[in-house]
Each structure stands twice: as structure tokens, then as C-alpha cells.
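**Q** Take this structure first; my questions come after.
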Amino acid sequence: MLNEAAIKGEKGTGYEGPVGGAFRCSNCEYFNVSTDGCSQEDMKENSKRSRLPSGDVLVEPGGCCEYVDRKK
């Protein structure tokens, strides 16, 4: 459970564009490089950002959120 009061960026996900957090969407296993989409379930449920036809959340490669999971 996330502490909403401590989250910077988008309410519910913490998403910030490229000028925000320390991690990068492009280094996350949920990021689809061909669509700039995020498939992480909490992001898909909570984000107010635009959606792709697949249902993934449209994010920026240099953005980040609270759900980052680095590529293995």
C-alpha cells in the first residue's frame, strides 16, 4: 500500500515525467519500447494518463513512477 501523502507526481502512481524521479521507464520491465506504454497493473488501474489501444498507459521513456521494476 502506498502512502499517498508521501508520493510526488501523479496521485496514485507517483508518475513523473523526465524531469522528475531517479529511475527511468525505459529501464523498467513493464515499459514497451515500441509503444512507450507501461503494462504495470497498478499504473493501468490508477493512472489518469492517456491509454494505448492495448490498455497500457502512455509514458515517457525518461519518466518514472513508484512501481519501477528494473529489467533483469
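A note on labels: chains of the C-alpha cells are A, B, ... as shown, every chain counts residues from 1, and ligands are counted from 1 in their shown order.
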Select from chain A everything DSSP, run on the backbone, classes as strand (DSSP E or B), then give the selection as a list in words.
**A**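 Assigned to strand (DSSP E or B), within chain A: Glu16, Cys28, Phe31, Asn32, Gly37, Cys38, Arg51, Val57, Leu58, Cys64 and Arg70 of chain A.
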**Q** Just the residues within 8 Å of Val59 of chain A, please, counting only C-alpha atoms, with nothing from its chain fewer than 6 positions along; format it as number ranges by chain.
**A** A: 17, 25, 36-38, 49
**Q** Please return, as an MDAnalysis selection string, all residues of chain A that DSSP assigns to helix (DSSP H, G or I) on the basis of the backbone.
**A** chainID A and resid 4:6 25:27 41:46
**Q** If we count only C-alpha atoms, what is near Gly62 of chain A at a cut-off of 9 Å, once residues fewer than 2 positions away on the same chain are taken out, given as a VMD selection string?
**A** chain A and resid 17 to 20 23 to 27 59 to 60 64
**Q** Would you export the selected residues with all heavy atoms as a short mmCIF file (atom, residue, chain, number, x, y, z; two decimals), in the first residue's frame, please?
**A**
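Writing the result to selection_39.cif gives the following:
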```cif
data_model
loop_
_atom_site.label_atom_id
_atom_site.label_comp_id
_atom_site.auth_asym_id
_atom_site.auth_seq_id
_atom_site.Cartn_x
_atom_site.Cartn_y
_atom_site.Cartn_z
N GLY A 17 7.31 12.94 -15.21
CA GLY A 17 7.99 12.98 -16.50
C GLY A 17 9.50 12.98 -16.34
O GLY A 17 10.02 12.81 -15.23
N PRO A 18 10.21 13.19 -17.41
CA PRO A 18 11.67 13.09 -17.41
C PRO A 18 12.41 14.01 -16.45
O PRO A 18 13.55 13.73 -16.11
CB PRO A 18 12.07 13.42 -18.85
CG PRO A 18 10.85 13.47 -19.64
CD PRO A 18 9.67 13.49 -18.72
N VAL A 19 11.80 15.07 -15.99
CA VAL A 19 12.49 15.96 -15.06
C VAL A 19 12.29 15.52 -13.61
O VAL A 19 12.79 16.15 -12.70
CB VAL A 19 12.02 17.43 -15.22
CG1 VAL A 19 12.35 17.94 -16.59
CG2 VAL A 19 10.54 17.57 -14.93
N GLY A 20 11.56 14.44 -13.40
CA GLY A 20 11.19 14.01 -12.05
C GLY A 20 12.17 13.07 -11.39
O GLY A 20 13.26 13.44 -11.01
N PHE A 23 14.62 7.12 -11.42
CA PHE A 23 14.61 5.95 -12.29
C PHE A 23 14.02 6.32 -13.64
O PHE A 23 13.42 7.37 -13.79
CB PHE A 23 13.81 4.82 -11.64
CG PHE A 23 14.35 4.43 -10.30
CD1 PHE A 23 13.71 4.83 -9.14
CD2 PHE A 23 15.51 3.68 -10.19
CE1 PHE A 23 14.20 4.47 -7.90
CE2 PHE A 23 16.01 3.33 -8.96
CZ PHE A 23 15.36 3.72 -7.81
N ARG A 24 14.17 5.43 -14.62
CA ARG A 24 13.67 5.71 -15.96
C ARG A 24 12.74 4.59 -16.41
O ARG A 24 13.06 3.42 -16.25
CB ARG A 24 14.82 5.82 -16.96
CG ARG A 24 15.74 6.99 -16.71
CD ARG A 24 16.90 7.01 -17.69
NE ARG A 24 16.49 6.95 -19.08
CZ ARG A 24 16.15 8.01 -19.81
NH1 ARG A 24 16.17 9.21 -19.28
NH2 ARG A 24 15.79 7.87 -21.07
N CYS A 25 11.60 4.97 -17.00
CA CYS A 25 10.67 3.97 -17.53
C CYS A 25 11.39 3.04 -18.52
O CYS A 25 11.12 1.84 -18.56
CB CYS A 25 9.50 4.65 -18.22
SG CYS A 25 8.38 5.53 -17.11
N SER A 26 12.29 3.60 -19.30
CA SER A 26 12.97 2.79 -20.31
C SER A 26 13.86 1.70 -19.72
O SER A 26 14.28 0.80 -20.43
CB SER A 26 13.79 3.68 -21.25
OG SER A 26 14.79 4.37 -20.53
N ASN A 27 14.13 1.77 -18.42
CA ASN A 27 14.91 0.73 -17.75
C ASN A 27 14.03 -0.22 -16.94
O ASN A 27 14.54 -1.00 -16.16
CB ASN A 27 15.93 1.37 -16.79
CG ASN A 27 17.01 2.11 -17.53
OD1 ASN A 27 17.34 1.78 -18.65
ND2 ASN A 27 17.54 3.14 -16.92
N VAL A 59 3.53 6.52 -21.38
CA VAL A 59 4.52 7.17 -20.52
C VAL A 59 5.70 7.63 -21.36
O VAL A 59 5.81 7.28 -22.53
CB VAL A 59 5.01 6.21 -19.40
CG1 VAL A 59 3.88 5.83 -18.47
CG2 VAL A 59 5.67 4.97 -19.96
N GLU A 60 6.58 8.41 -20.76
CA GLU A 60 7.77 8.88 -21.44
C GLU A 60 8.95 7.98 -21.06
O GLU A 60 9.07 7.59 -19.89
CB GLU A 60 8.07 10.31 -21.05
CG GLU A 60 6.95 11.26 -21.45
CD GLU A 60 7.16 12.64 -20.89
OE1 GLU A 60 8.10 13.32 -21.34
OE2 GLU A 60 6.38 13.03 -19.99
N CYS A 64 9.33 8.23 -14.67
CA CYS A 64 9.43 7.17 -13.67
C CYS A 64 8.19 7.18 -12.79
O CYS A 64 7.41 8.12 -12.82
CB CYS A 64 10.68 7.31 -12.81
SG CYS A 64 10.60 8.61 -11.58
#
```
**Q** Measuring between only C-alpha atoms, which one of A:Leu52, A:Tyr15, A:Glu10, A:Lys71 shows the shortest distance to Ser39 of chain A?
**A**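 With only C-alpha atoms as the atom set, the closest residue is A:Leu52.
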**Q** Set the distance at 12 Å and use only C-alpha atoms: which residues neighbour Val57 of chain A once local chain neighbours fewer than 6 positions away are removed? I'd like the list as a list in words.
**A**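 The residues satisfying every condition are Thr13, Tyr15, Cys25, Tyr30, Phe31, Asn32, Thr35, Asp36, Gly37, Cys38, Ser39, Gln40, Glu41, Asp42, Met43, Lys44, Glu45, Asn46, Ser47, Lys48, Arg49, Ser50, Arg51 and Cys65 of chain A.
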**Q** Output the selection as a PDB file, in the first residue's frame - C-alpha atoms for each residue.
**A**
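Output file selection-v2.pdb is given in full below:
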```pdb
ATOM      1  CA  THR A  13       1.073   6.226  -9.135  1.00  0.00           C
ATOM      2  CA  TYR A  15       4.451   9.060 -12.196  1.00  0.00           C
ATOM      3  CA  CYS A  25      10.673   3.968 -17.528  1.00  0.00           C
ATOM      4  CA  TYR A  30       6.932  -3.015 -17.755  1.00  0.00           C
ATOM      5  CA  PHE A  31       7.974  -0.483 -20.421  1.00  0.00           C
ATOM      6  CA  ASN A  32       7.287  -1.362 -24.065  1.00  0.00           C
ATOM      7  CA  THR A  35       4.814   1.869 -27.985  1.00  0.00           C
ATOM      8  CA  ASP A  36       6.107   3.902 -24.999  1.00  0.00           C
ATOM      9  CA  GLY A  37       3.495   2.015 -22.988  1.00  0.00           C
ATOM     10  CA  CYS A  38       3.517   0.818 -19.385  1.00  0.00           C
ATOM     11  CA  SER A  39       1.843  -2.514 -18.628  1.00  0.00           C
ATOM     12  CA  GLN A  40       2.223  -2.460 -14.837  1.00  0.00           C
ATOM     13  CA  GLU A  41      -1.187  -3.357 -13.345  1.00  0.00           C
ATOM     14  CA  ASP A  42      -1.312  -0.628 -10.662  1.00  0.00           C
ATOM     15  CA  MET A  43      -0.350   2.013 -13.228  1.00  0.00           C
ATOM     16  CA  LYS A  44      -3.084   0.730 -15.548  1.00  0.00           C
ATOM     17  CA  GLU A  45      -5.630   0.830 -12.733  1.00  0.00           C
ATOM     18  CA  ASN A  46      -4.679   4.154 -11.119  1.00  0.00           C
ATOM     19  CA  SER A  47      -3.099   6.393 -13.736  1.00  0.00           C
ATOM     20  CA  LYS A  48      -5.089   9.201 -15.309  1.00  0.00           C
ATOM     21  CA  ARG A  49      -2.643   9.399 -18.228  1.00  0.00           C
ATOM     22  CA  SER A  50      -3.618   8.563 -21.827  1.00  0.00           C
ATOM     23  CA  ARG A  51      -4.081   4.908 -22.786  1.00  0.00           C
ATOM     24  CA  CYS A  65       6.866   6.032 -11.090  1.00  0.00           C
TER      25      CYS A  65
END
```
